[in-house]
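What follows is a single structure, written as structure tokens, with notes after it.
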Amino acid sequence: MYIICGLGNPGRLYAHTRHNMGFLTIDVLSDRLGIPVNKLKFKSLIGEGRIGTEKVVLVKPQTYMNLSGEALRPLVEFYKPEHSKLVLVYDDVDLPLGRTRVRASGSSGTHNGMRSVIYQLQFDDFPRVRIGLGPHGDIPLDKFVIGHWTSQEQPALAKAVLRAADACETIVREGLDEAMQKYNGIV
């Protein structure tokens with residue numbers, strides 16, 4: 001069984017902000033796979049279904065980004081997935097705009113949502129799919145990530161969300177190594 005968790009902020013105000021790349025990826029997977037993500041459980045919206053023969057739980061924490069771990073910890077305690085079957089999807093300002101990156105593990109970097117997840121779970125050896133936002137220039141980081149996409153960013157970010165969803169499906173169907181080979185560095 002896999003848990004695929006997209007990080008983001010709940011509510012219409014944040015719907016198309018840079019920080020919601022994870023939520024948008026879960027929305028794409030939900031549509032593609034016919035798995036409604038509408039049950040409120042463990043401080044998250046979740047949906048259960050299958051990718052091929054594998055059971056999956058799609059997750060959108062409802063605690064706001066910086067407290068994502070508070071939603072994920074009870075969910076992981078309940079489902080008890082192998083660490084390698086917990087996949088997180090989120091935005092990353094340290095990657096160029098629109099680039100996807102799949103990794104087997106790692107630190108939180110500058111991402112407060114991931115910092116919360118790692119702190120609450122007390123492990124960081126789980127796969128992650130990161131979507132590049134690019135540099136924030138003179139805009140303060142917190143304002144940049146909760147800002148809405150510009151018309152120039154929209155095509156690159158929309159494609160990146162689709163690639164992130166493809167990468168998540170590939171992780172489940174073909175394995176993490178195959179996903180890394182197919183999707184790392186693509187813009």
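Just remember, in the structure tokens the first chain shown is A, the second B, etc., residues are 1-based per chain, and ligands are 1-based in the order shown.
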Run DSSP on the backbone of this structure and report the residues of range 64-136 of chain A it assigns to helix (DSSP H, G or I), as a PyMOL selection string.
chain A and resi 65-79+83-85+112-121
Spatial neighbours of Ser84 in chain A, 9 Å, only C-alpha atoms, chain gap at least 4 places, as a PyMOL selection string
chain A and resi 2+104-105+125-127+176
Just the residues within 9 Å of range 15-27 of chain A, please, counting only C-alpha atoms, with nothing from its chain fewer than 4 positions along; format it as a ChimeraX atom specification.
/A:4-11,31-32,36-37,58-61,65,88-92,129-131,133,144-149,157,160-165
Could you name the residues that touch range 66-82 of chain A at 7 Å or less, counting only C-alpha atoms, but leaving out those on the same chain fewer than 6 positions away, as a ChimeraX atom specification?
/A:1-2,42-44,112-113,116-117,120-121
Create the file for the chosen residues now, containing N, CA and C atoms and written as a compact mmCIF listing (two decimals), in the first residue's frame.
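Result saved to out17.txt:
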```txt
# COMPACT_ATOMS: atom_id res chain seq x y z
N MET A 1 0.82 -1.18 0.00
CA MET A 1 0.00 0.00 0.00
C MET A 1 0.87 1.26 0.00
N TYR A 2 0.49 2.22 -0.83
CA TYR A 2 1.19 3.49 -0.93
C TYR A 2 0.33 4.62 -0.38
N PHE A 42 -7.92 12.27 9.89
CA PHE A 42 -6.54 12.57 10.29
C PHE A 42 -6.13 13.99 9.90
N LYS A 43 -7.02 14.96 10.05
CA LYS A 43 -6.74 16.35 9.69
C LYS A 43 -6.35 16.49 8.22
N SER A 44 -6.89 15.59 7.38
CA SER A 44 -6.56 15.58 5.95
C SER A 44 -7.79 15.22 5.15
N ASN A 112 9.46 24.53 4.96
CA ASN A 112 8.90 24.38 6.32
C ASN A 112 7.89 23.25 6.42
N GLY A 113 7.13 22.98 5.38
CA GLY A 113 6.20 21.86 5.41
C GLY A 113 6.93 20.54 5.57
N SER A 116 8.29 20.12 9.07
CA SER A 116 7.25 19.64 9.98
C SER A 116 7.03 18.14 9.82
N VAL A 117 6.98 17.67 8.58
CA VAL A 117 6.76 16.25 8.32
C VAL A 117 7.88 15.41 8.93
N GLN A 120 7.77 15.43 12.77
CA GLN A 120 6.67 14.63 13.33
C GLN A 120 6.87 13.13 13.10
N LEU A 121 7.37 12.75 11.92
CA LEU A 121 7.54 11.32 11.62
C LEU A 121 8.81 10.75 12.23
```
Closest of A:Lys159, A:Lys85, A:Arg103, A:Arg173 to Ile51 in chain A - atom-to-atom distances counting only C-alpha atoms:
A:Arg173
Work out how far CA of Leu33 in chain A is from CA of Pro155 in chain A, in Å to one decimal.
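Distance reported for this atom pair: 23.2 Å.
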Using DSSP secondary structure from the backbone, list all strand (DSSP E or B) positions within range 120-169 of chain A, as a list of chain:residue names.
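Of range 120-169 of chain A, the ones in strand (DSSP E or B) are A:Arg128, A:Val129, A:Arg130, A:Ile131, A:Gly132, A:His148.
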Which residue, A:Met180, A:Ile118, A:Arg12, A:Asp94, has the smallest gap to Gly106 in chain A when you use only C-alpha atoms?
A:Ile118
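Distance check against Arg50 in chain A using only C-alpha atoms: of A:Ser30, A:Gln122, A:Gln62, A:Gln152, the minimum falls on A:Ser30.
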Restricting the calculation to only C-alpha atoms: of A:Ala156, A:Leu40, A:Leu95, A:Val87, which residue gets closest to Cys168 in chain A?
A:Val87
Shortest interatomic distance to Gly52 in chain A - which of A:Asp124, A:Leu86, A:Gly134, A:Ile171, counting only C-alpha atoms:
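Of A:Asp124, A:Leu86, A:Gly134, A:Ile171, the one nearest Gly52 in chain A, counting only C-alpha atoms, is A:Ile171.
Among the candidates A:Ile46, A:Ala179, A:Val28, A:Val172, the residue lying nearest to Arg101 in chain A is A:Ala179 (atoms considered: only C-alpha atoms).
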Would you compute the distance between CA of Asp166 in chain A and CA of Ile3 in chain A? Give it in Å to one decimal.
15.3 Å
